[in-house]
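Visitor: Pasting a structure below so you can have a look.
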Amino acid sequence: MKNDLKQTAVTSSVSFVNLSELNPSQRQAVTTTEGPLLVIAGAGSGKTRTLVYRVAHLLEQGVAPDKILLLTFTRKASQEMLWRAGTLLNDSCNRVVGGTFHGIANMLLRRYGHHLGFGSTFTIIDRADAEGIVNLLKGSLGLTGRDKQFPSKRVLINMLSGSVNKSIALDDLIYEQFSHLSEHVDDILNLERHYREFKFNNGLMDYDDLLVNWKRLLQDVPEARQEIAGRYSHIMVDEYQDTNLIQADIVRLLAHGHDNVMVVGDDSQSIYSFRGADFYNIMRFPKIFAETTIIKLEENYRSSQPILSLTNDIIRNAAEKYTKTLFTQIAGDRKPCLFAGRNEREEAAFVIRKIGELQAAGVDLANIAVLFRSGFHSYKIELELNSVGVEFEKRGGLKLTESAHMKDVIAFLRLHVNPVDSLAWNRILLQLDKVGPKTARMIADTISTAADPLQALVEYPSGKTWKEGIAKLAQLFQDMEKESAPGVFYELVMAYYQPLFEKIYRDDFPKRQKDLDQLKSIISGYEDLQSFVDDTTLDPPETVPALQGGDTERLILSTIHSAKGLEWDAVFVIGLAEGRFPHAGAGVGEQWEEERRLLYVAATRARKYLYLTYPRELMTPDRQFRRVGMSPFLSELRAGLFERIDGQGGQGAKLPFRPLSPGVERPLPRSKGKKKISMSDLKKGVRVKHPFFGEGSVQSLGQGRSVDVDFERHGLKTLHLDYAKLTLL
Ligand code: ATP
Ligand code: MG
């Protein structure tokens with residue numbers, strides 16, 4: 001069936017992909033199918049759209065789907081792009097190879113890593129694991145007790161990772177950026193060697209190794225280079241401004257022989273230099289690939305003119321920029337709003353009330369996003385949203401698999417696919433009664449270096465007090481050997497781990513249990529355990545707060561970094577206060593400029609409505625309140641580009657809100673001043689009003705103080721009287 005489709009695409013003379021939906025420059029980028037191509041353009045100018053059309057166009061021209069490689073910043077982005085390409089053409093797009101640099105590296109290294117001496121069952125470790133190993137090595141190399149000044153594991157990993165991602169030799173990086181620690185340079189180099197050996201011996205790779213080893217395969221192993229570079233005839237990269245030098249080298253090596261590479265990017269949106277990304281990559285591209293065709297896109301199709309005027313002004317002040325000022329044909333008469341709340345509470349109240357207004361004006365909840373600099377900036381809003389019962393999804397911040405109990409469970413699964421992973425052995429051995437760090441290390445070392453680790457565990461000469469624990473553990477792995485479905489592995493592991501879990505996390509295990517339940521449903525969706533284990537580090541799910549009801553329409557709360565490339569009808573950028581944005585530690589120079597670009601990325605996500613907000617007062621770490629002004633990036637903006645709303649009037653109800661458009665409801669009043677509702681006021685059919693959901697009637701009274709209300713606009717919701725601000729009508 002799939003072959004038939006491919007055949008249709010190849011032989012068909014009718015063009016399915018409608019290129020008239022593109023402007024002339026975009027069309028040129030799509031139809032230039034051979035040779036190097038650089039599209040450099042501002043936000044919302046259709047770079048990503050051009051890539052989508054180009055994938056479809058290439059397939060239509062007869063290029064086989066598995067010859068096309070699409071590299072994106074997140075896996076979700078490539079999935080969505082290929083899905084969209086599929087709607088333009090047919091489902092042959094599903095077979096295009098798409099993913100992140102790290103994801104593709106993982107796939108290729110499992111297949112070709114043997115050229116570098118790696119087995120196909122290596123495990124990918126995250127930053128916490130990497131720090132754990134470095135700490136362990138610090139201890140075993142005698143670098144902790146002797147000299148308290150030796151850098152912490154966090155700083156050490158920053159150094160090691162910085163050296164890889166910025167392509168600077170480790171000792172040079174220490175002299176340049178950590179000169180106060182240069183007396184330790186020999187010890188750090190020695191530690192790096194041991195870290196590398198440890199990973200190799202235990203079948204582990206950290207994120208950086210994935211890139212480094214991919215590059216090594218291409219550069220140092222002619223056989224692998226030929227095979228890998230021969231796999232893809234057309235390479236495309238989105239968000240090129242956020243690639244680093246190794247990634248640029250990989251692209252160069254991959255395109256060896258054909259140079260059919262298209263990269264798209266916007267230097268004004270480069271926001272990952274703290275991870276070694278280098279937006280000069282864009283400028284270097286035409287030098288690396290001779291005869292590059294450069295295409296600039298200048299029309300913005302995303303935002304209305306008032307929003308675009310403001311975002312152009314944010315970037316106007318940037319010290320360095322190459323892309324030009326954008327124009328749009330989307331007129332719009334709504335200027336962006338700037339709101340200053342008395343404090344974070346008032347800022348949150350404003351956002352929530354505006355969301356209610358937007359919904360009343362017909363904007364879907366899923367078309368609204370609240371963006372912020374750092375994960376913790378949204379806590380106040382999260383509390384408020386929970387209290388009014390608005391569903392939201394938070395993106396960015398802590399990942400589900402980063403917590404200790406999740407790492408515990410994943411360690412068992414990791415060991416099943418890679419039994420020489422002594423880090424994982426160490427973790428689960430430490431859970432046993434009467435086994436301390438020293439014993440755990442000893443056992444882990446023995447079994448992870450044995451020819452048959454499981455047999456070595458069974459035969460380990462256990463001490464009297466922990467013999468039984470080891471026997472149970474060995475039994476678990478023997479039982480796992482007989483199974484193959486990931487869901488079954490989870491059940492087996494939990495049967496063993498549950499009692500330990502309740503003991504280790506005595507204080508809060510019920511709360512943590514919810515994560516484990518989520519893990520269960522995630523793992524059951526996988527066909528093989530290796531892919532699940534890979535994803536727990538490569539593409540881990542983010543924590544999603546407990547949701548009410550089954551409605552899938554959710555407000556998006558996101559860090560700006562996780563909002564890259566996306567767009568919404570309405571965008572709130574919160575926390576734009578002095579000291580918070582730019583980040584307090586940003587200093588001047590490059591970091592300051594990166595913060596400005598971050599604000600540019602945030603504001604350019606908006607299609608029709610843009611709100612910039614900040615609190616006039618912030619709590620300091622020592623719980624004092626401090627008055628703050630607005631972000632310097634806002635004070636730089638030209639007057640007249642936004643409308644100011646001031647929140648000095650106290651609680652939300654008195655704020656001078658302006659209706660969004662004629663006929664739109666005034667802000668919904670808070671319950672303050674109204675009679676507080678009690679259970680005795682409620683019975684089936686009683687009419688009530690909720691500040692967010694609007695009007696509805698009571699369906700039934702539930703357990704405790706909960707009540708089911710059928711809202712006219714939002715359907716049935718279960719609310720708790722202590723939190724939901726219901727009023728009687
Ligand atoms: P960013 O820099 O934020 O990643 P981008 O340059 O990748 O932005 P896209 O996301 O591809 O821009 O496009 C922005 C919006 O404009 C999308 O909704 C897209 O569908 C629309 N768009 C782009 N080009 C056109 C066009 N020629 N006609 C109609 N809509 C377009
Ligand atoms: Mg894009």
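Within each chain, counting starts at residue 1; across the structure tokens, chains are named A, B, ... in the order shown, with ligands numbered 1 upward in that order.
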Report as a PyMOL selection string all protein, DNA and RNA residues lying within 9 Å of range 124-137 of chain A, evaluated on only C-alpha atoms, omitting residues in the same chain fewer than 4 positions from it.
Guide: chain A and resi 106+141-144+152-154+156-157+191-192+194-195+198-199+203-207+210+402+423+533-534+536-538
Visitor: Please return as a list of chain:residue names the residues found within 7 Å of ligand 1, counting only C-alpha atoms and all ligand atoms.
Guide: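 Residues satisfying the distance criterion: A:Glu21, A:Leu22, A:Asn23, A:Ala41, A:Gly42, A:Ala43, A:Gly44, A:Ser45, A:Gly46, A:Lys47, A:Thr48, A:Arg49, A:Thr50, A:Asp266, A:Asn300, A:Tyr301, A:Arg302, A:Lys564, A:Gly565, A:Leu566, A:Thr604, A:Arg605.
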Visitor: From the list A:Ser233, A:Pro486, A:Val264, A:Glu468, which residue is nearest ligand 2 when using only C-alpha atoms and all ligand atoms?
Guide: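 For ligand 2, the nearest of the given residues is A:Val264.
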Visitor: Please return as a PyMOL selection string: the residues of range 233-341 of chain A that backbone DSSP assigns to helix (DSSP H, G or I).
Guide: chain A and resi 240-242+245-254+267-269+273-275+280-288+305-316
Visitor: Considering only C-alpha atoms, return as a PDB file with N, CA and C atoms, in the first residue's frame whatever protein or nucleic-acid residues lie within 12 Å of Gly162 in chain A, sequence-local ones (same chain, fewer than 5 positions apart) excluded.
Guide:
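The resulting file, result30.pdb, is shown below:
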ATOM      1  N   ARG A 154      28.489  20.443  39.553  1.00  0.00           N
ATOM      2  CA  ARG A 154      27.737  21.271  38.610  1.00  0.00           C
ATOM      3  C   ARG A 154      28.687  22.089  37.726  1.00  0.00           C
ATOM      4  N   VAL A 155      29.660  22.711  38.382  1.00  0.00           N
ATOM      5  CA  VAL A 155      30.626  23.518  37.636  1.00  0.00           C
ATOM      6  C   VAL A 155      31.470  22.634  36.712  1.00  0.00           C
ATOM      7  N   LEU A 156      31.827  21.446  37.229  1.00  0.00           N
ATOM      8  CA  LEU A 156      32.644  20.547  36.401  1.00  0.00           C
ATOM      9  C   LEU A 156      31.900  20.141  35.130  1.00  0.00           C
ATOM     10  N   ILE A 157      30.632  19.804  35.289  1.00  0.00           N
ATOM     11  CA  ILE A 157      29.864  19.419  34.096  1.00  0.00           C
ATOM     12  C   ILE A 157      29.708  20.615  33.160  1.00  0.00           C
ATOM     13  N   SER A 167      33.261  23.886  21.223  1.00  0.00           N
ATOM     14  CA  SER A 167      34.438  23.405  20.483  1.00  0.00           C
ATOM     15  C   SER A 167      35.712  24.111  20.932  1.00  0.00           C
ATOM     16  N   ILE A 168      35.920  24.149  22.240  1.00  0.00           N
ATOM     17  CA  ILE A 168      37.149  24.726  22.808  1.00  0.00           C
ATOM     18  C   ILE A 168      37.805  23.630  23.643  1.00  0.00           C
ATOM     19  N   ALA A 169      39.128  23.494  23.553  1.00  0.00           N
ATOM     20  CA  ALA A 169      39.817  22.491  24.375  1.00  0.00           C
ATOM     21  C   ALA A 169      39.545  22.794  25.845  1.00  0.00           C
ATOM     22  N   LEU A 170      39.406  21.727  26.643  1.00  0.00           N
ATOM     23  CA  LEU A 170      39.007  21.908  28.040  1.00  0.00           C
ATOM     24  C   LEU A 170      39.945  22.843  28.804  1.00  0.00           C
ATOM     25  N   ASP A 171      41.258  22.664  28.615  1.00  0.00           N
ATOM     26  CA  ASP A 171      42.165  23.528  29.387  1.00  0.00           C
ATOM     27  C   ASP A 171      42.048  24.994  28.938  1.00  0.00           C
ATOM     28  N   ASP A 172      41.847  25.214  27.636  1.00  0.00           N
ATOM     29  CA  ASP A 172      41.668  26.595  27.174  1.00  0.00           C
ATOM     30  C   ASP A 172      40.423  27.215  27.793  1.00  0.00           C
ATOM     31  N   LEU A 173      39.362  26.406  27.816  1.00  0.00           N
ATOM     32  CA  LEU A 173      38.112  26.916  28.374  1.00  0.00           C
ATOM     33  C   LEU A 173      38.295  27.292  29.849  1.00  0.00           C
ATOM     34  N   ILE A 174      39.039  26.460  30.591  1.00  0.00           N
ATOM     35  CA  ILE A 174      39.258  26.756  32.012  1.00  0.00           C
ATOM     36  C   ILE A 174      40.051  28.063  32.159  1.00  0.00           C
ATOM     37  N   GLU A 176      40.231  30.493  30.060  1.00  0.00           N
ATOM     38  CA  GLU A 176      39.470  31.652  29.582  1.00  0.00           C
ATOM     39  C   GLU A 176      38.293  32.003  30.473  1.00  0.00           C
ATOM     40  N   GLN A 177      37.529  30.981  30.866  1.00  0.00           N
ATOM     41  CA  GLN A 177      36.261  31.294  31.531  1.00  0.00           C
ATOM     42  C   GLN A 177      36.209  30.964  33.016  1.00  0.00           C
ATOM     43  N   PHE A 178      37.168  30.153  33.469  1.00  0.00           N
ATOM     44  CA  PHE A 178      37.168  29.781  34.887  1.00  0.00           C
ATOM     45  C   PHE A 178      38.565  30.007  35.440  1.00  0.00           C
ATOM     46  N   ASP A 208      26.121  15.230  25.073  1.00  0.00           N
ATOM     47  CA  ASP A 208      27.195  15.741  24.227  1.00  0.00           C
ATOM     48  C   ASP A 208      27.870  14.614  23.446  1.00  0.00           C
ATOM     49  N   ASN A 244      25.120  24.517  17.268  1.00  0.00           N
ATOM     50  CA  ASN A 244      26.485  24.865  17.664  1.00  0.00           C
ATOM     51  C   ASN A 244      27.473  24.381  16.604  1.00  0.00           C
ATOM     52  N   LEU A 245      28.759  24.534  16.900  1.00  0.00           N
ATOM     53  CA  LEU A 245      29.745  24.222  15.870  1.00  0.00           C
ATOM     54  C   LEU A 245      29.777  22.742  15.488  1.00  0.00           C
ATOM     55  N   ILE A 246      29.601  21.866  16.480  1.00  0.00           N
ATOM     56  CA  ILE A 246      29.625  20.432  16.130  1.00  0.00           C
ATOM     57  C   ILE A 246      28.465  20.123  15.195  1.00  0.00           C
ATOM     58  N   SER A 273      22.719  30.370  23.282  1.00  0.00           N
ATOM     59  CA  SER A 273      24.176  30.459  23.315  1.00  0.00           C
ATOM     60  C   SER A 273      24.707  29.945  24.654  1.00  0.00           C
ATOM     61  N   PHE A 274      23.862  29.952  25.692  1.00  0.00           N
ATOM     62  CA  PHE A 274      24.333  29.408  26.978  1.00  0.00           C
ATOM     63  C   PHE A 274      24.604  27.907  26.854  1.00  0.00           C
ATOM     64  N   ARG A 275      24.063  27.290  25.809  1.00  0.00           N
ATOM     65  CA  ARG A 275      24.374  25.881  25.580  1.00  0.00           C
ATOM     66  C   ARG A 275      25.341  25.716  24.405  1.00  0.00           C
ATOM     67  N   GLY A 276      26.006  26.787  24.058  1.00  0.00           N
ATOM     68  CA  GLY A 276      27.036  26.664  23.019  1.00  0.00           C
ATOM     69  C   GLY A 276      26.557  26.970  21.616  1.00  0.00           C
ATOM     70  N   ALA A 277      25.261  27.311  21.463  1.00  0.00           N
ATOM     71  CA  ALA A 277      24.773  27.646  20.121  1.00  0.00           C
ATOM     72  C   ALA A 277      25.452  28.928  19.667  1.00  0.00           C
TER      73      ALA A 277
END
Visitor: Skipping near chain neighbours, those fewer than 3 positions away, what residues fall within 12 Å of Gly463 in chain A using only C-alpha atoms, listed as a ChimeraX atom specification?
Guide: /A:433-435,439-440,443,460,466-471
Visitor: Can you write just those residues out, all heavy atoms, as a tab-separated table (two decimals), in the first residue's frame?
Guide:
chain	number	residue	atom	x	y	z
A	433	ASP	N	18.08	-2.69	52.25
A	433	ASP	CA	18.38	-2.57	53.67
A	433	ASP	C	19.82	-2.99	53.94
A	433	ASP	O	20.28	-3.98	53.38
A	433	ASP	CB	17.43	-3.52	54.43
A	433	ASP	CG	16.42	-2.73	55.22
A	433	ASP	OD1	16.56	-1.49	55.23
A	433	ASP	OD2	15.50	-3.34	55.79
A	434	LYS	N	20.48	-2.26	54.77
A	434	LYS	CA	21.84	-2.60	55.23
A	434	LYS	C	22.90	-2.55	54.13
A	434	LYS	O	23.98	-3.09	54.28
A	434	LYS	CB	21.90	-4.01	55.86
A	434	LYS	CG	20.85	-4.29	56.89
A	434	LYS	CD	21.27	-3.74	58.24
A	434	LYS	CE	20.21	-4.05	59.27
A	434	LYS	NZ	19.79	-2.87	60.01
A	435	VAL	N	22.56	-1.98	52.98
A	435	VAL	CA	23.59	-1.80	51.95
A	435	VAL	C	23.92	-0.32	51.87
A	435	VAL	O	23.06	0.49	51.53
A	435	VAL	CB	23.11	-2.34	50.58
A	435	VAL	CG1	24.13	-2.01	49.50
A	435	VAL	CG2	22.88	-3.84	50.64
A	439	THR	N	29.34	-0.68	49.96
A	439	THR	CA	28.95	-2.02	49.52
A	439	THR	C	28.29	-1.95	48.15
A	439	THR	O	28.58	-2.76	47.26
A	439	THR	CB	27.94	-2.63	50.53
A	439	THR	OG1	28.43	-2.38	51.84
A	439	THR	CG2	27.76	-4.10	50.32
A	440	ALA	N	27.40	-0.97	47.98
A	440	ALA	CA	26.69	-0.84	46.70
A	440	ALA	C	27.69	-0.71	45.56
A	440	ALA	O	27.58	-1.36	44.53
A	440	ALA	CB	25.75	0.35	46.73
A	443	ILE	N	29.47	-4.08	44.87
A	443	ILE	CA	28.65	-5.05	44.13
A	443	ILE	C	28.48	-4.56	42.69
A	443	ILE	O	28.61	-5.32	41.74
A	443	ILE	CB	27.24	-5.21	44.77
A	443	ILE	CG1	27.36	-5.46	46.28
A	443	ILE	CG2	26.48	-6.34	44.12
A	443	ILE	CD1	26.04	-5.51	47.02
A	460	TYR	N	26.53	-13.55	43.85
A	460	TYR	CA	27.32	-12.62	44.67
A	460	TYR	C	27.37	-13.08	46.13
A	460	TYR	O	26.34	-13.41	46.71
A	460	TYR	CB	26.75	-11.20	44.59
A	460	TYR	CG	27.74	-10.17	45.08
A	460	TYR	CD1	28.72	-9.68	44.22
A	460	TYR	CD2	27.74	-9.76	46.40
A	460	TYR	CE1	29.66	-8.78	44.67
A	460	TYR	CE2	28.69	-8.85	46.86
A	460	TYR	CZ	29.65	-8.38	45.99
A	460	TYR	OH	30.59	-7.49	46.44
A	466	TRP	N	21.91	-8.67	54.18
A	466	TRP	CA	21.31	-8.21	52.92
A	466	TRP	C	21.16	-9.29	51.86
A	466	TRP	O	20.82	-9.04	50.73
A	466	TRP	CB	22.02	-6.98	52.35
A	466	TRP	CG	23.52	-6.94	52.49
A	466	TRP	CD1	24.21	-6.51	53.59
A	466	TRP	CD2	24.50	-7.34	51.52
A	466	TRP	NE1	25.56	-6.61	53.36
A	466	TRP	CE2	25.77	-7.11	52.10
A	466	TRP	CE3	24.45	-7.86	50.24
A	466	TRP	CZ2	26.96	-7.39	51.44
A	466	TRP	CZ3	25.63	-8.13	49.57
A	466	TRP	CH2	26.88	-7.91	50.18
A	467	LYS	N	21.38	-10.53	52.28
A	467	LYS	CA	21.28	-11.68	51.38
A	467	LYS	C	19.89	-11.74	50.72
A	467	LYS	O	19.75	-11.91	49.51
A	467	LYS	CB	21.54	-12.95	52.20
A	467	LYS	CG	21.94	-14.14	51.36
A	467	LYS	CD	22.24	-15.30	52.32
A	467	LYS	CE	22.45	-16.58	51.58
A	467	LYS	NZ	23.68	-16.83	51.01
A	468	GLU	N	18.88	-11.59	51.58
A	468	GLU	CA	17.51	-11.75	51.09
A	468	GLU	C	17.17	-10.67	50.04
A	468	GLU	O	16.55	-10.96	49.02
A	468	GLU	CB	16.55	-11.65	52.27
A	468	GLU	CG	15.22	-12.28	51.97
A	468	GLU	CD	14.21	-11.97	53.08
A	468	GLU	OE1	14.61	-12.02	54.27
A	468	GLU	OE2	13.05	-11.67	52.73
A	469	GLY	N	17.62	-9.46	50.32
A	469	GLY	CA	17.38	-8.35	49.38
A	469	GLY	C	17.96	-8.64	48.01
A	469	GLY	O	17.31	-8.45	46.98
A	470	ILE	N	19.19	-9.13	48.01
A	470	ILE	CA	19.86	-9.43	46.74
A	470	ILE	C	19.11	-10.54	46.01
A	470	ILE	O	18.92	-10.49	44.79
A	470	ILE	CB	21.33	-9.87	46.99
A	470	ILE	CG1	22.15	-8.70	47.53
A	470	ILE	CG2	21.95	-10.44	45.73
A	470	ILE	CD1	22.64	-7.73	46.49
A	471	ALA	N	18.66	-11.54	46.77
A	471	ALA	CA	17.96	-12.67	46.14
A	471	ALA	C	16.68	-12.18	45.46
A	471	ALA	O	16.37	-12.58	44.33
A	471	ALA	CB	17.63	-13.73	47.20
Visitor: Select from range 596-647 of chain A everything DSSP, run on the backbone, classes as strand (DSSP E or B), then give the selection as a VMD selection string.
Guide: chain A and resid 606 to 615 617 to 619 625 to 627 630 643 to 646
Visitor: Pick out the closest residue to ligand 2 from this set: A:Pro286, A:Gly265, A:Pro461, A:Pro691. Count only C-alpha atoms and all ligand atoms.
Guide: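 That would be A:Gly265, the residue with the smallest distance to ligand 2.
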Visitor: Would you pick out the contacts of Leu38 in chain A at 12 Å or less, using only C-alpha atoms, so that residues sharing its chain but fewer than 2 positions from it are not included, and give the list as a VMD selection string?
Guide: chain A and resid 25 to 26 28 to 30 32 35 to 36 40 to 41 47 50 to 51 235 to 241 260 to 266 281 to 297
Visitor: Using only C-alpha atoms, determine which residues lie at most 10 Å from Ile560 in chain A, disregarding the query and same-chain residues fewer than 5 positions distant; provide the list as a ChimeraX atom specification.
Guide: /A:271,370-375,395-396,573,598-603,605
Visitor: Could you give me, as a list in words, the residues within 12 Å of Pro510 in chain A, counting only C-alpha atoms and dropping anything in the same chain fewer than 6 positions from it?
Guide: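 Once the adjacent positions are removed, what remains is His405, Gln498, Phe501, Glu502, Lys503, Leu516 and Asp517 of chain A.
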Visitor: Hey, can you check how far CA of Thr33 in chain A sits from CA of Leu58 in chain A?
Guide: 7.1 Å
Visitor: Choose the residue, out of A:Pro499, A:Arg644, A:Leu338, A:Ser140, that has the smallest atom-to-atom separation from Gln431 in chain A; count only C-alpha atoms.
Guide: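 Smallest distance to Gln431 in chain A is found for A:Pro499.
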Visitor: Can you work out which one of A:Glu483, A:Glu567, A:Asp646, A:Glu636 has the shortest atom-to-atom distance to ligand 2, counting only C-alpha atoms and all ligand atoms?
Guide: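 The answer is A:Glu567, which sits nearest to ligand 2.
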Visitor: Point out the residue among A:Asp242, A:Lys520, A:Arg27, A:Tyr232 with the least atom-to-atom distance to ligand 2, counting only C-alpha atoms and all ligand atoms.
Guide: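 Nearest to ligand 2: A:Asp242.
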Visitor: Quick one: pull the distance between CA of Glu382 in chain A and CA of Gln591 in chain A, Å, one decimal.
Guide: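 Pair CA of Glu382 in chain A / CA of Gln591 in chain A returns 28.6 Å.
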Visitor: What separation in Å, quoted to one decimal, exists between CA of Gly715 in chain A and CA of Glu391 in chain A?
Guide: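 These atoms are spaced 13.4 Å apart.
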Visitor: Go through A:Gln269, A:Ser163, A:Ser521, A:Gln219 one by one, measure the shortest atom-to-atom distance of each to ligand 2 using only C-alpha atoms and all ligand atoms, and give the residue with the smallest value.
Guide: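 Of all the options, A:Gln269 lies closest to ligand 2.
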